[in-house]
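Asker: Before we start, here is the structure in question, set down as structure tokens.
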Amino acid sequence: MRLANQSGRLKIVAGDVAVDVEDASGGQFRAEPQQIFDRWDEFIAWASSVDATVGAPIIESELRAPVPRPGQIFAVGVNYADHVEESGLALPDAPFVFTKFPASIAGPYDTIEHPGGSVDFEVELVAVIGKQARHVPVAQGWDHVAGLTLGQDLSERDLQLSGPAPQQYNLGKSFAGFAPIGPVLVTPDEFDDRDDIEISTILSGAQMQKSRTRHLIFPIPVLVSYLSSILPLRPGDLIFTGTPAGIGFTREPKRLIGTDDELVSRAETIGEMRHRFASTNRTHPREVQ
Ligand code: ZN
């Protein structure tokens, strides 16, 4: 099943058309997309009988983040060996986890404010929690995932890496709009292999990243198990699972995102996001006194 958030209303997608969940359910399920994860099993049982092919055409410009208000966003760094190598870091012996604060969420086709500094791309597969997870064994990790979406872990490297360690990962990756996700949420059964999904970044026509999630050092069930051994994962939470090699900051010369660029992100079976960046002329946080 494929779900979209069109202008704040939850839709079940079939090809290029979609049905409105609140209308089709006679109000049994509300239109607001975030609340559906609290009733996920009940929703899926109902939605699997809906014929979405009779829906109305999807209006791409109205698509918003399929998970608009996650309670928690976990993000995993250095989770592909080739990206660990380009970053000059050692292979991790446990997931390296930081957060993107929830106010950084954006939609799949939004224009994002460029804060200045060194803005970089990190295409990632994003897991959406569908069932409370606490002390979950690895073998049951997937049971707690509602679906998958595509994300960009946008990162302003000057703030992220400023000063001596420990550094500002959480803030450098949480500027407004720096957590775009979409264009749809796809349930794991829709994939040929939910553990092997191609993701890629194309920046102004040049392919910058391309890999498959089978190369994740800590795959999704391990991340669910590990995180849930520390705190509860709740329905509607997100896990950005990490980015493969090819980021702009470690290239020679660097290839960072400017306000003339179009950033295209793709994931097999999920689709494509397209982002442009607008200059703001605001004070960069490193200059705030
Ligand atoms: Zn990342």
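Just remember, in the structure tokens the first chain shown is A, the second B, etc., residues are 1-based per chain, and ligands are 1-based in the order shown.
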Could you give me, as a PDB file with C-alpha atoms, in the first residue's frame, every polymer residue with an atom at most 7 Å away from an atom of ligand 1, counting only C-alpha atoms and all ligand atoms?
Answerer:
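File produced: pocket_33.pdb:
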ATOM      1  CA  ALA A  75      19.130   9.419  12.489  1.00  0.00           C
ATOM      2  CA  VAL A  76      22.016   7.021  12.052  1.00  0.00           C
ATOM      3  CA  GLY A  77      25.445   8.211  10.962  1.00  0.00           C
ATOM      4  CA  GLU A 122      22.604  12.678   2.286  1.00  0.00           C
ATOM      5  CA  GLU A 124      18.564   7.937   3.062  1.00  0.00           C
ATOM      6  CA  ASP A 153      19.415  14.149   5.838  1.00  0.00           C
ATOM      7  CA  PHE A 240      16.760   7.995   9.056  1.00  0.00           C
ATOM      8  CA  GLY A 242      22.134   6.510   7.098  1.00  0.00           C
ATOM      9  CA  THR A 243      23.665   7.637   3.812  1.00  0.00           C
TER      10      THR A 243
END
Asker: Neighbours of segment 79-96 of chain A within 7 Å (only C-alpha atoms; same-chain residues fewer than 5 positions away dropped), as a short mmCIF file (atom, residue, chain, number, x, y, z; two decimals) with N, CA, C and O atoms, in the first residue's frame?
Answerer:
data_model
loop_
_atom_site.label_atom_id
_atom_site.label_comp_id
_atom_site.auth_asym_id
_atom_site.auth_seq_id
_atom_site.Cartn_x
_atom_site.Cartn_y
_atom_site.Cartn_z
N HIS A 215 23.57 -2.75 1.86
CA HIS A 215 24.90 -2.41 2.34
C HIS A 215 24.88 -1.73 3.71
O HIS A 215 25.95 -1.35 4.23
N LEU A 216 23.70 -1.53 4.30
CA LEU A 216 23.64 -0.94 5.65
C LEU A 216 24.44 -1.80 6.63
O LEU A 216 24.28 -3.02 6.67
N ILE A 217 25.30 -1.15 7.42
CA ILE A 217 26.05 -1.89 8.45
C ILE A 217 25.09 -2.40 9.51
O ILE A 217 25.15 -3.57 9.92
N PHE A 218 24.18 -1.53 9.97
CA PHE A 218 23.13 -1.92 10.92
C PHE A 218 21.79 -1.76 10.20
O PHE A 218 21.28 -0.65 10.05
N GLY A 242 20.73 6.28 7.45
CA GLY A 242 22.13 6.51 7.10
C GLY A 242 22.30 6.71 5.60
O GLY A 242 21.43 6.34 4.81
N THR A 243 23.43 7.31 5.23
CA THR A 243 23.66 7.64 3.81
C THR A 243 24.89 6.90 3.28
O THR A 243 25.85 6.67 4.02
N PRO A 244 24.85 6.54 1.99
CA PRO A 244 26.03 5.91 1.37
C PRO A 244 27.05 6.95 0.93
O PRO A 244 26.85 8.15 1.11
N ALA A 245 28.12 6.49 0.30
CA ALA A 245 29.20 7.38 -0.15
C ALA A 245 28.69 8.37 -1.20
O ALA A 245 27.64 8.20 -1.79
N THR A 250 33.04 15.79 1.27
CA THR A 250 34.34 15.10 1.25
C THR A 250 34.88 14.95 -0.17
O THR A 250 35.93 14.34 -0.38
#
Asker: Of the candidates A:Pro68, A:Pro221, A:Gly55, A:Gly151, which shows the shortest atom-to-atom distance to Met273 of chain A, using only C-alpha atoms?
Answerer: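 Answer, going by the shortest atom-to-atom distance: A:Gly151.
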Asker: So which residues touch Asp192 of chain A within 9 Å, counting only C-alpha atoms, skipping near sequence neighbours fewer than 4 positions away, as a compact mmCIF listing (two decimals) with C-alpha atoms, in the first residue's frame?
Answerer:
# COMPACT_ATOMS: atom_id res chain seq x y z
CA ASP A 196 17.64 -4.23 -0.61
CA ILE A 197 16.33 -0.91 -1.96
CA THR A 269 9.47 1.68 -5.47
Asker: So which residues touch Val128 of chain A within 7 Å, counting only C-alpha atoms, skipping near sequence neighbours fewer than 5 positions away, as a PyMOL selection string?
Answerer: chain A and resi 145-148+236-239
Asker: Write out as a Markdown table the residues of segment 247-271 of chain A that have any atom within 12 Å of an atom of segment 171-180 of chain A, one row each with the nearest atom pair and its distance in Å to one decimal, counting only C-alpha atoms, sorted by chain and then rising number.
Answerer:
| residue | atom | partner | partner_atom | distance |
| --- | --- | --- | --- | --- |
| A:Leu263 | CA | A:Pro180 | CA | 11.3 |
| A:Val264 | CA | A:Pro180 | CA | 11.5 |
| A:Ser265 | CA | A:Pro180 | CA | 10.2 |
Asker: I need the residues from that last selection saved to file as a short mmCIF file (atom, residue, chain, number, x, y, z; two decimals), in the first residue's frame (with all heavy atoms), if you can.
Answerer:
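Produced file again.cif, reproduced below:
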data_model
loop_
_atom_site.label_atom_id
_atom_site.label_comp_id
_atom_site.auth_asym_id
_atom_site.auth_seq_id
_atom_site.Cartn_x
_atom_site.Cartn_y
_atom_site.Cartn_z
N LEU A 263 18.01 19.60 -6.27
CA LEU A 263 18.40 18.35 -5.63
C LEU A 263 17.30 17.32 -5.88
O LEU A 263 16.16 17.50 -5.46
CB LEU A 263 18.56 18.57 -4.12
CG LEU A 263 18.94 17.34 -3.30
CD1 LEU A 263 20.34 16.84 -3.65
CD2 LEU A 263 18.83 17.66 -1.80
N VAL A 264 17.66 16.24 -6.58
CA VAL A 264 16.71 15.16 -6.86
C VAL A 264 17.14 13.93 -6.06
O VAL A 264 18.31 13.55 -6.08
CB VAL A 264 16.65 14.85 -8.37
CG1 VAL A 264 15.75 13.65 -8.64
CG2 VAL A 264 16.17 16.07 -9.15
N SER A 265 16.21 13.35 -5.36
CA SER A 265 16.47 12.15 -4.55
C SER A 265 15.53 11.06 -5.04
O SER A 265 14.35 11.32 -5.30
CB SER A 265 16.20 12.42 -3.07
OG SER A 265 16.76 13.65 -2.67
#
Asker: Output as a PyMOL selection string all residues of segment 131-228 of chain A that backbone DSSP marks as strand (DSSP E).
Answerer: chain A and resi 145-152+155-156+179-186+198-203+206-212
Asker: Pull N, CA and C atoms from the residues just selected and write them as a PDB file, in the first residue's frame.
Answerer:
ATOM      1  N   VAL A 145       7.543  -1.811  12.038  1.00  0.00           N
ATOM      2  CA  VAL A 145       7.699  -0.800  10.987  1.00  0.00           C
ATOM      3  C   VAL A 145       6.425  -0.741  10.150  1.00  0.00           C
ATOM      4  N   ALA A 146       5.799   0.449  10.110  1.00  0.00           N
ATOM      5  CA  ALA A 146       4.595   0.633   9.292  1.00  0.00           C
ATOM      6  C   ALA A 146       4.956   0.668   7.816  1.00  0.00           C
ATOM      7  N   GLY A 147       6.039   1.358   7.511  1.00  0.00           N
ATOM      8  CA  GLY A 147       6.412   1.499   6.115  1.00  0.00           C
ATOM      9  C   GLY A 147       7.704   2.252   5.968  1.00  0.00           C
ATOM     10  N   LEU A 148       8.050   2.506   4.705  1.00  0.00           N
ATOM     11  CA  LEU A 148       9.311   3.150   4.365  1.00  0.00           C
ATOM     12  C   LEU A 148       9.033   4.367   3.494  1.00  0.00           C
ATOM     13  N   THR A 149       9.852   5.385   3.686  1.00  0.00           N
ATOM     14  CA  THR A 149       9.794   6.529   2.795  1.00  0.00           C
ATOM     15  C   THR A 149      11.219   6.953   2.481  1.00  0.00           C
ATOM     16  N   LEU A 150      11.323   7.940   1.606  1.00  0.00           N
ATOM     17  CA  LEU A 150      12.622   8.459   1.182  1.00  0.00           C
ATOM     18  C   LEU A 150      12.894   9.736   1.957  1.00  0.00           C
ATOM     19  N   GLY A 151      14.149   9.960   2.335  1.00  0.00           N
ATOM     20  CA  GLY A 151      14.485  11.182   3.045  1.00  0.00           C
ATOM     21  C   GLY A 151      15.816  11.751   2.590  1.00  0.00           C
ATOM     22  N   GLN A 152      16.010  13.026   2.846  1.00  0.00           N
ATOM     23  CA  GLN A 152      17.327  13.651   2.721  1.00  0.00           C
ATOM     24  C   GLN A 152      17.721  14.142   4.105  1.00  0.00           C
ATOM     25  N   SER A 155      22.399  18.597   5.701  1.00  0.00           N
ATOM     26  CA  SER A 155      23.379  18.860   6.753  1.00  0.00           C
ATOM     27  C   SER A 155      24.150  20.128   6.425  1.00  0.00           C
ATOM     28  N   GLU A 156      24.224  21.040   7.389  1.00  0.00           N
ATOM     29  CA  GLU A 156      25.068  22.233   7.203  1.00  0.00           C
ATOM     30  C   GLU A 156      26.367  21.938   7.948  1.00  0.00           C
ATOM     31  N   ALA A 179      14.803  18.124   6.920  1.00  0.00           N
ATOM     32  CA  ALA A 179      14.399  16.715   6.960  1.00  0.00           C
ATOM     33  C   ALA A 179      13.234  16.476   5.996  1.00  0.00           C
ATOM     34  N   PRO A 180      13.465  16.695   4.675  1.00  0.00           N
ATOM     35  CA  PRO A 180      12.388  16.420   3.722  1.00  0.00           C
ATOM     36  C   PRO A 180      12.179  14.917   3.559  1.00  0.00           C
ATOM     37  N   ILE A 181      10.914  14.505   3.518  1.00  0.00           N
ATOM     38  CA  ILE A 181      10.567  13.095   3.311  1.00  0.00           C
ATOM     39  C   ILE A 181       9.421  12.997   2.307  1.00  0.00           C
ATOM     40  N   GLY A 182       9.329  11.836   1.660  1.00  0.00           N
ATOM     41  CA  GLY A 182       8.247  11.599   0.712  1.00  0.00           C
ATOM     42  C   GLY A 182       8.751  10.838  -0.517  1.00  0.00           C
ATOM     43  N   PRO A 183       8.052  10.883  -1.656  1.00  0.00           N
ATOM     44  CA  PRO A 183       6.767  11.561  -1.807  1.00  0.00           C
ATOM     45  C   PRO A 183       5.607  10.801  -1.175  1.00  0.00           C
ATOM     46  N   VAL A 184       5.831   9.497  -0.906  1.00  0.00           N
ATOM     47  CA  VAL A 184       4.775   8.656  -0.319  1.00  0.00           C
ATOM     48  C   VAL A 184       5.396   7.756   0.746  1.00  0.00           C
ATOM     49  N   LEU A 185       4.525   7.179   1.555  1.00  0.00           N
ATOM     50  CA  LEU A 185       4.907   6.125   2.498  1.00  0.00           C
ATOM     51  C   LEU A 185       4.475   4.794   1.886  1.00  0.00           C
ATOM     52  N   VAL A 186       5.392   3.836   1.842  1.00  0.00           N
ATOM     53  CA  VAL A 186       5.134   2.551   1.190  1.00  0.00           C
ATOM     54  C   VAL A 186       5.276   1.430   2.210  1.00  0.00           C
ATOM     55  N   GLU A 198      17.288   0.408  -3.762  1.00  0.00           N
ATOM     56  CA  GLU A 198      18.245   1.374  -4.326  1.00  0.00           C
ATOM     57  C   GLU A 198      17.842   2.804  -3.967  1.00  0.00           C
ATOM     58  N   ILE A 199      18.822   3.587  -3.537  1.00  0.00           N
ATOM     59  CA  ILE A 199      18.621   5.013  -3.266  1.00  0.00           C
ATOM     60  C   ILE A 199      19.690   5.811  -3.996  1.00  0.00           C
ATOM     61  N   SER A 200      19.335   7.040  -4.415  1.00  0.00           N
ATOM     62  CA  SER A 200      20.312   7.837  -5.157  1.00  0.00           C
ATOM     63  C   SER A 200      20.025   9.326  -5.019  1.00  0.00           C
ATOM     64  N   THR A 201      21.089  10.114  -5.248  1.00  0.00           N
ATOM     65  CA  THR A 201      21.020  11.577  -5.276  1.00  0.00           C
ATOM     66  C   THR A 201      21.528  12.078  -6.609  1.00  0.00           C
ATOM     67  N   ILE A 202      20.766  12.994  -7.229  1.00  0.00           N
ATOM     68  CA  ILE A 202      21.204  13.663  -8.450  1.00  0.00           C
ATOM     69  C   ILE A 202      21.164  15.166  -8.166  1.00  0.00           C
ATOM     70  N   LEU A 203      22.316  15.825  -8.253  1.00  0.00           N
ATOM     71  CA  LEU A 203      22.387  17.261  -7.962  1.00  0.00           C
ATOM     72  C   LEU A 203      22.593  18.018  -9.271  1.00  0.00           C
ATOM     73  N   ALA A 206      23.752  15.826 -12.118  1.00  0.00           N
ATOM     74  CA  ALA A 206      24.908  14.946 -11.912  1.00  0.00           C
ATOM     75  C   ALA A 206      24.617  13.949 -10.794  1.00  0.00           C
ATOM     76  N   GLN A 207      24.786  12.663 -11.102  1.00  0.00           N
ATOM     77  CA  GLN A 207      24.556  11.662 -10.053  1.00  0.00           C
ATOM     78  C   GLN A 207      25.668  11.729  -9.018  1.00  0.00           C
ATOM     79  N   MET A 208      25.285  11.896  -7.761  1.00  0.00           N
ATOM     80  CA  MET A 208      26.259  12.073  -6.691  1.00  0.00           C
ATOM     81  C   MET A 208      26.319  10.848  -5.773  1.00  0.00           C
ATOM     82  N   GLN A 209      25.203  10.204  -5.545  1.00  0.00           N
ATOM     83  CA  GLN A 209      25.145   9.030  -4.662  1.00  0.00           C
ATOM     84  C   GLN A 209      24.274   7.964  -5.316  1.00  0.00           C
ATOM     85  N   LYS A 210      24.659   6.713  -5.138  1.00  0.00           N
ATOM     86  CA  LYS A 210      23.824   5.593  -5.593  1.00  0.00           C
ATOM     87  C   LYS A 210      24.282   4.344  -4.855  1.00  0.00           C
ATOM     88  N   SER A 211      23.367   3.739  -4.128  1.00  0.00           N
ATOM     89  CA  SER A 211      23.708   2.519  -3.403  1.00  0.00           C
ATOM     90  C   SER A 211      22.428   1.740  -3.128  1.00  0.00           C
ATOM     91  N   ARG A 212      22.572   0.670  -2.372  1.00  0.00           N
ATOM     92  CA  ARG A 212      21.420  -0.162  -2.021  1.00  0.00           C
ATOM     93  C   ARG A 212      21.464  -0.436  -0.532  1.00  0.00           C
TER      94      ARG A 212
END
Asker: Enumerate, as a count of residues only, the complete set of residues in segment 1-41 of chain A that a backbone-based DSSP assignment places in helix (DSSP H, G or I).
Answerer: 13
Asker: Using atom CA of Ser225 of chain A and atom CA of Ile129 of chain A as the two end points, give the distance in Å to one decimal.
Answerer: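 Rounded to one decimal, the two atoms are 12.1 Å apart.
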Asker: Could you tell me which of A:Phe74, A:Phe37, A:Phe121, A:Trp142 comes closest to Pro235 of chain A if we count only C-alpha atoms?
Answerer: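 Checking each of A:Phe74, A:Phe37, A:Phe121, A:Trp142 against Pro235 of chain A, counting only C-alpha atoms, the winner is A:Phe37.
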